[in-house]
Structure formats: C-alpha cells, structure tokens
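Colleague: structure06.cif is reproduced below (mmCIF, C-alpha atoms and all ligand atoms).
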data_target
loop_
_atom_site.label_atom_id
_atom_site.label_comp_id
_atom_site.auth_asym_id
_atom_site.auth_seq_id
_atom_site.Cartn_x
_atom_site.Cartn_y
_atom_site.Cartn_z
CA MET A 281 3.16 5.97 -12.22
CA LYS A 282 4.86 9.06 -10.80
CA ILE A 283 6.82 8.80 -7.57
CA SER A 284 7.20 11.44 -4.89
CA ALA A 285 9.88 10.77 -2.26
CA SER A 286 9.34 11.91 1.33
CA PHE A 287 12.49 12.58 3.38
CA LEU A 288 10.64 12.85 6.71
CA SER A 289 12.44 9.77 8.09
CA SER A 290 15.87 10.80 6.80
CA SER A 291 18.66 11.19 9.34
CA ASN A 292 20.78 13.21 6.89
CA ILE A 293 18.53 15.26 4.64
CA PRO A 294 21.23 16.97 2.49
CA ILE A 295 22.92 13.64 1.69
CA ASP A 296 19.65 11.87 0.95
CA LEU A 297 18.42 14.72 -1.27
CA LYS A 298 21.69 14.58 -3.22
CA LYS A 299 21.27 10.81 -3.61
CA LEU A 300 17.71 11.36 -4.85
CA ASN A 301 19.06 13.78 -7.49
CA GLU A 302 20.81 10.77 -9.02
CA THR A 303 17.50 8.88 -9.40
CA ASP A 304 14.56 9.40 -11.73
CA VAL A 305 12.18 10.22 -8.86
CA ASP A 306 9.58 12.72 -10.06
CA TYR A 307 9.11 14.90 -6.98
CA ILE A 308 10.47 15.54 -3.51
CA HIS A 309 7.58 15.36 -1.05
CA VAL A 310 8.01 18.02 1.62
CA ASP A 311 6.13 17.25 4.85
CA VAL A 312 5.45 20.37 6.90
CA MET A 313 4.11 19.88 10.44
CA ASP A 314 3.24 22.67 12.88
CA GLY A 315 2.84 20.71 16.15
CA LYS A 316 -0.85 21.71 16.21
CA PHE A 317 -2.61 20.03 13.29
CA VAL A 318 -0.42 17.03 14.12
CA PRO A 319 1.62 16.54 17.32
CA ASN A 320 5.02 16.59 15.61
CA LYS A 321 6.77 19.67 14.35
CA THR A 322 9.22 19.99 11.43
CA MET A 323 12.08 22.51 11.24
CA PRO A 324 11.11 26.14 10.68
CA PHE A 325 11.10 27.38 7.09
CA SER A 326 14.12 29.62 7.78
CA GLU A 327 16.24 26.48 8.32
CA MET A 328 14.49 24.23 5.84
CA LYS A 329 14.78 26.61 2.92
CA ASN A 330 18.55 26.04 2.77
CA ILE A 331 18.04 22.31 2.57
CA TYR A 332 16.00 22.60 -0.62
CA LYS A 333 19.14 23.93 -2.33
CA TYR A 334 20.39 20.33 -2.34
CA THR A 335 17.65 19.13 -4.67
CA ASN A 336 17.11 19.74 -8.36
CA LYS A 337 13.69 18.06 -8.31
CA ARG A 338 10.32 19.80 -8.25
CA LEU A 339 8.75 19.94 -4.77
CA ASP A 340 5.44 18.40 -3.76
CA VAL A 341 4.58 20.23 -0.53
CA HIS A 342 2.26 18.57 2.01
CA LEU A 343 1.14 21.03 4.67
CA MET A 344 -0.01 19.30 7.86
CA VAL A 345 -0.72 22.64 9.54
CA GLU A 346 -3.68 24.44 11.06
CA ASN A 347 -3.10 27.64 9.15
CA PRO A 348 -2.03 27.00 5.53
CA LYS A 349 -2.23 30.72 4.67
CA LYS A 350 0.92 31.34 6.69
CA TYR A 351 2.96 28.69 4.85
CA ILE A 352 1.73 28.95 1.25
CA PRO A 353 3.66 32.18 0.38
CA LEU A 354 6.89 30.67 1.80
CA TYR A 355 6.74 27.42 -0.17
CA ALA A 356 5.55 29.25 -3.29
CA GLU A 357 9.04 30.84 -3.46
CA LEU A 358 10.72 27.46 -4.02
CA ASN A 359 10.78 25.14 -7.03
CA THR A 360 7.27 23.94 -6.19
CA GLU A 361 4.91 21.94 -8.41
CA PHE A 362 2.12 21.22 -5.88
CA ILE A 363 1.03 22.65 -2.54
CA THR A 364 -1.47 20.44 -0.72
CA PHE A 365 -3.16 21.17 2.59
CA HIS A 366 -5.75 19.31 4.64
CA MET A 367 -9.49 19.34 4.13
CA GLU A 368 -9.83 19.12 7.95
CA VAL A 369 -8.38 22.61 8.59
CA MET A 370 -10.58 25.27 10.15
CA ASP A 371 -9.21 27.87 7.75
CA ASP A 372 -11.17 28.94 4.64
CA ILE A 373 -10.46 26.17 2.13
CA GLU A 374 -11.45 28.02 -1.02
CA GLU A 375 -9.39 31.07 -0.11
CA ASN A 376 -6.30 28.93 0.46
CA LEU A 377 -6.76 27.05 -2.83
CA GLU A 378 -7.05 30.38 -4.65
CA LEU A 379 -3.96 31.65 -2.85
CA ILE A 380 -1.93 28.66 -4.11
CA LYS A 381 -3.23 29.18 -7.66
CA SER A 382 -2.34 32.88 -7.53
CA TYR A 383 1.33 31.80 -7.53
CA GLY A 384 0.81 29.60 -10.59
CA ILE A 385 1.26 26.47 -8.45
CA LYS A 386 -1.00 23.40 -8.61
CA CYS A 387 -3.23 23.02 -5.57
CA GLY A 388 -4.26 19.92 -3.68
CA LEU A 389 -6.48 18.87 -0.80
CA ALA A 390 -5.52 15.99 1.48
CA ILE A 391 -7.96 13.77 3.37
CA LYS A 392 -7.20 11.89 6.57
CA PRO A 393 -8.27 8.22 6.82
CA ASN A 394 -11.57 9.06 8.58
CA THR A 395 -12.60 11.95 6.33
CA PRO A 396 -15.26 10.97 3.78
CA VAL A 397 -14.36 11.32 0.11
CA LYS A 398 -17.70 13.06 -0.52
CA SER A 399 -16.62 16.05 1.58
CA LEU A 400 -14.33 17.03 -1.33
CA VAL A 401 -17.28 17.66 -3.67
CA PRO A 402 -17.66 21.45 -3.16
CA TYR A 403 -13.97 22.00 -3.99
CA LEU A 404 -13.59 19.68 -6.99
CA PRO A 405 -13.73 22.42 -9.66
CA LEU A 406 -10.75 24.16 -8.02
CA LEU A 407 -8.51 21.13 -7.50
CA ASP A 408 -5.48 19.86 -9.40
CA LEU A 409 -4.73 17.06 -6.92
CA ILE A 410 -6.34 14.97 -4.20
CA LEU A 411 -4.01 13.41 -1.64
CA VAL A 412 -5.50 10.33 0.01
CA MET A 413 -3.70 9.51 3.26
CA GLY A 414 -2.85 5.83 3.73
CA VAL A 415 -2.01 6.45 7.43
CA GLU A 416 -2.89 9.03 10.07
CA PRO A 417 -0.76 12.07 9.24
CA GLY A 418 2.08 12.93 11.59
CA LYS A 419 4.93 10.50 11.17
CA GLY A 420 6.69 8.23 8.71
CA GLY A 421 7.09 4.46 8.89
CA GLN A 422 3.47 3.56 9.73
CA SER A 423 1.54 0.64 8.18
CA PHE A 424 -0.80 1.28 5.28
CA ILE A 425 -4.49 1.23 6.29
CA LEU A 426 -6.13 -1.31 3.95
CA GLU A 427 -9.44 0.60 3.71
CA THR A 428 -7.49 3.23 1.75
CA GLU A 429 -7.86 1.02 -1.34
CA ASP A 430 -11.63 1.62 -1.38
CA LYS A 431 -11.17 5.33 -0.70
CA ILE A 432 -8.89 5.65 -3.69
CA LYS A 433 -11.43 3.84 -5.89
CA GLU A 434 -14.20 6.08 -4.59
CA THR A 435 -12.08 9.18 -5.26
CA LYS A 436 -11.40 8.03 -8.82
CA SER A 437 -15.13 7.41 -9.50
CA LEU A 438 -16.01 10.79 -8.06
CA ILE A 439 -13.49 12.57 -10.30
CA ASN A 440 -14.71 10.63 -13.34
CA SER A 441 -18.36 11.33 -12.58
CA TYR A 442 -17.60 15.06 -12.82
CA HIS A 443 -15.42 14.55 -15.93
CA LEU A 444 -12.48 16.24 -14.24
CA GLY A 445 -8.76 15.56 -14.67
CA ILE A 446 -7.77 15.81 -11.00
CA LEU A 447 -4.68 13.78 -10.08
CA ILE A 448 -4.76 11.31 -7.19
CA SER A 449 -1.81 10.86 -4.89
CA VAL A 450 -1.53 8.46 -1.94
CA ASP A 451 0.73 9.07 1.05
CA GLY A 452 1.72 6.85 3.95
CA GLY A 453 2.82 3.22 4.21
CA ILE A 454 3.58 2.82 0.50
CA ASP A 455 5.99 0.06 -0.48
CA GLN A 456 6.35 -2.61 -3.14
CA ALA A 457 3.42 -4.60 -1.71
CA THR A 458 0.95 -1.84 -0.77
CA LYS A 459 1.37 -0.01 -4.09
CA ASN A 460 -0.84 -2.77 -5.53
CA TYR A 461 -3.80 -1.29 -3.62
CA CYS A 462 -3.23 2.07 -5.31
CA GLN A 463 -3.48 1.35 -9.01
CA GLU A 464 -5.94 4.21 -9.68
CA CYS A 465 -3.42 6.74 -8.35
CA ASP A 466 -1.26 9.00 -10.50
CA ILE A 467 1.39 9.61 -7.82
CA LEU A 468 2.71 7.31 -5.09
CA THR A 469 4.32 9.11 -2.17
CA SER A 470 6.80 7.01 -0.28
CA GLY A 471 9.18 7.80 2.57
CA SER A 472 10.79 5.08 4.64
CA TYR A 473 10.56 2.42 1.91
CA ILE A 474 12.80 4.56 -0.33
CA ILE A 475 15.03 6.15 2.32
CA ASP A 476 15.73 2.92 4.24
CA GLY A 477 16.62 1.03 1.06
CA LYS A 478 20.20 0.33 -0.05
CA SER A 479 19.68 1.74 -3.53
CA PHE A 480 17.13 4.54 -3.83
CA GLN A 481 16.76 3.87 -7.57
CA GLU A 482 16.00 0.18 -7.02
CA GLN A 483 13.33 1.06 -4.46
CA ILE A 484 11.82 3.62 -6.85
CA ASP A 485 11.85 1.06 -9.68
CA GLY A 486 9.99 -1.33 -7.37
CA LEU A 487 7.19 1.22 -6.98
CA ARG A 488 6.68 2.11 -10.65
C1 LIG B 501 2.93 11.14 7.10
C2 LIG B 501 3.61 11.92 6.01
C3 LIG B 501 4.13 11.05 4.92
C4 LIG B 501 5.21 10.13 5.40
C5 LIG B 501 5.42 9.01 4.43
O1 LIG B 501 2.31 12.00 7.96
O2 LIG B 501 2.70 12.83 5.42
O3 LIG B 501 4.55 11.81 3.80
O4 LIG B 501 6.43 10.79 5.57
O5 LIG B 501 6.34 8.14 4.98
P1 LIG B 501 6.18 6.55 4.90
O6 LIG B 501 6.24 6.20 3.45
O7 LIG B 501 7.32 6.07 5.70
O8 LIG B 501 4.83 6.22 5.49
ZN ZN B 502 3.20 13.61 3.45
#
Could you write out this structure as structure tokens?

Modeller:
Amino acid sequence: MKISASFLSSSNIPIDLKKLNETDVDYIHVDVMDGKFVPNKTMPFSEMKNIYKYTNKRLDVHLMVENPKKYIPLYAELNTEFITFHMEVMDDIEENLELIKSYGIKCGLAIKPNTPVKSLVPYLPLLDLILVMGVEPGKGGQSFILETEDKIKETKSLINSYHLGILISVDGGIDQATKNYCQECDILTSGSYIIDGKSFQEQIDGLR
C-alpha cells in the first residue's frame, strides 16, 4: 500500500515536511483550496511554492478549486506525480485532464461522498487515478464516512469491468482502524493521523 501524507493540519509545514523526508512515505499530498469550491482557502501559490523546497518527495496535488485550469500549470512546475481535481467542478473536465497530461503528469478525478461512482464512466479512458473522498472536502481531522467502503468497492469493480489499470486513492479520516475499510485502494492519504503522531514513521508503518 502506498501512503500519501497531507500536511493540511500542520502548524509548522517546513519542519513537518523535513520530518517526512526522513520517512519512507511515498508522496506528499498537497491540498489546494480556493475558498469557493470549499469554504476554506489555502495559502497562495506564490507563498506555497517556497515550502515545497523542503520536501524531496513527489507531490500528489489535490485541487479543491472551482477552476482547475488556473492551478494546473502552477503545480505542473513542481516535482509532481499526480494532479487530481474534482468531478463536481463546472469547468470542462476532459480539457483539464488533457491539460494535466500535456505536462507528462498523471491525472486524477476526485469524488465527494455524495457523488455517484457511475458519473466517472465517461472519463475512465483518460484517468490514471480516482480519489474517493472519505469525508466532505474542506478540512482535516474529520471522521471517516463508513459508506466510503462500498464506494471504494464499487470503484474497483467499475475499473475492473473496463479492464483498466486506474489507481484508487482514498482521502479523509484515514487512520490505523479506518484503513481496514480501504483494502482495494492503491494509495491511502492521511493527514492528522500522521502529523499528530509522535513518530511519523510509526504512524506510516501502521497504515501500510
Ligand atoms: C480534506 C483534505 C484531506 C485532509 C486529510 O478536505 O482533502 O487531504 O487533509 O486529513 P485527515 O487525514 O486529517 O482527514
Ligand atoms: Zn486532500
């Protein structure tokens, strides 16, 4: 199982990123919020881009924004493995997926807890990753919604029925107990469980 660490709940991002460099975490999950798609807003890219200098890990970017087109070229400049945006955006989904691919970066679509898995069908041939939200997007430290287990299973069956190799990631409320509901996933994204722990490596080991 691959692990992506979210630093959304960190009170000292440079220090926590440096601590994560010392672990075997696979990716740094970068939550980007515009204050429109979700009520909260993260720092502007001009400030954030300096912070990424503290990490030597590949980035897994999660855009919780209304207009992904504006953010994709910025995050494509960094050491980025995946850029994922939300299925629920009003923007042209296909165009944004193609834009991500044009930078040679893997593209993903995220679904909120109330968005049906079936709505992903038209985009499946373009996708490298599906991000299933385990909580309503917008903030860290929320409890995992148990229905997510069925959504993950449904996502896996859908991918298999089309004989595709799309990765599944889950994000929100993941800890040592809730990871057991996510066995069909390829990547577990976890924020507060890792960041609030005494030893980041021990927390990560608990998720694998
Ligand atoms: C929620 C974010 C998540 C969040 C995960 O909107 O997309 O990435 O930071 O944090 P935890 O693991 O604390 O739910
Ligand atoms: Zn996220």

Colleague: One decimal, in Å: what's the spacing between atom O6 of ligand LIG 501 (chain B) and atom CA of Ser441 of chain A?

Modeller: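 It comes out at 29.8 Å.
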
Colleague: Produce as a PyMOL selection string the set of residues near ligand LIG 501 (chain B), where near means within 6 Å with all atoms listed in the file considered.

Modeller: chain A and resi 286+288+311+417-422+451-454+470-473

Colleague: How many Å separate atom CA of Pro402 of chain A from atom CA of Thr428 of chain A?

Modeller: 21.4 Å

Colleague: Which residues, written as a list of chain:residue names, have at least one atom at most 12 Å from Asp371 of chain A, with all atoms listed in the file counted and residues fewer than 5 positions away on the same chain left out?

Modeller: A:Phe317, A:Val345, A:Glu346, A:Asn347, A:Pro348, A:Lys349, A:Lys350, A:Phe365, A:His366, A:Asn376, A:Leu377

Colleague: Using all atoms listed in the file, find the one residue out of A:Phe325, A:Asn359, A:Met370, A:Ala390 that sits nearest to His342 of chain A.

Modeller: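 Closest candidate: A:Ala390.
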
Colleague: If we count all atoms listed in the file, what is near Lys299 of chain A at a cut-off of 12 Å, once residues fewer than 2 positions away on the same chain are taken out, given as a list of chain:residue names?

Modeller: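 After dropping sequence-adjacent residues, the list is A:Ala285, A:Phe287, A:Ser290, A:Asn292, A:Ile293, A:Pro294, A:Ile295, A:Asp296, A:Leu297, A:Asn301, A:Glu302, A:Thr303, A:Asp304, A:Val305, A:Ile308, A:Tyr334, A:Thr335, A:Asn336, A:Lys337, A:Ile474, A:Ile475, A:Gly477, A:Lys478, A:Ser479, A:Phe480, A:Gln481.
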
Colleague: A:Ile484, A:Leu426, A:Ile410, A:Val312: which is nearest Asp466 of chain A, counting all atoms listed in the file?

Modeller: A:Ile410

Colleague: Would you mind reading off the distance between atom CA of Lys436 of chain A and atom CA of Leu487 of chain A, one decimal, in Å?

Modeller: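 Separation between atom CA of Lys436 of chain A and atom CA of Leu487 of chain A: 19.9 Å.
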
Colleague: Restricting the calculation to all atoms listed in the file: of A:Gly414, A:Gly486, A:Gly445, A:Pro396, which residue gets closest to ligand ZN 502 (chain B)?

Modeller: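 Closest residue, counting all atoms listed in the file: A:Gly414.
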
Colleague: Name the closest residue to ligand ZN 502 (chain B) among the candidates A:Asn460, A:Ser284, A:Asn330, A:Thr435; distances are taken between atoms, counting only C-alpha atoms and all ligand atoms.

Modeller: A:Ser284

Colleague: So that I can check the surroundings of Asp314 of chain A, please list as a ChimeraX atom specification every protein, DNA and RNA residue that reaches within 8 Å of it, counting all atoms listed in the file and ignoring chain neighbours fewer than 5 positions away.

Modeller: /A:319-322,344-346

Colleague: Using all atoms listed in the file, find the one residue out of A:Ile432, A:Met281, A:Val397, A:Glu416 that sits nearest to ligand ZN 502 (chain B).

Modeller: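 Residue with the minimum atom-to-atom distance to ligand ZN 502 (chain B): A:Glu416.
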
Colleague: Which residues come within 9 Å of segment 379-385 of chain A, counting all atoms listed in the file, excluding same-chain residues fewer than 5 positions away, as a PyMOL selection string?

Modeller: chain A and resi 349+352-353+356-357+360-364+374

Colleague: Give me, as a PyMOL selection string, all polymer residues having an atom no more than 8 Å from Cys462 of chain A, counting all atoms listed in the file and skipping those fewer than 6 positions away in the same chain.

Modeller: chain A and resi 429+432+450+468

Colleague: Of the residues A:Glu434, A:Asp340, A:Glu464, A:Asp306, which is the one nearest to ligand ZN 502 (chain B), using all atoms listed in the file?

Modeller: A:Asp340
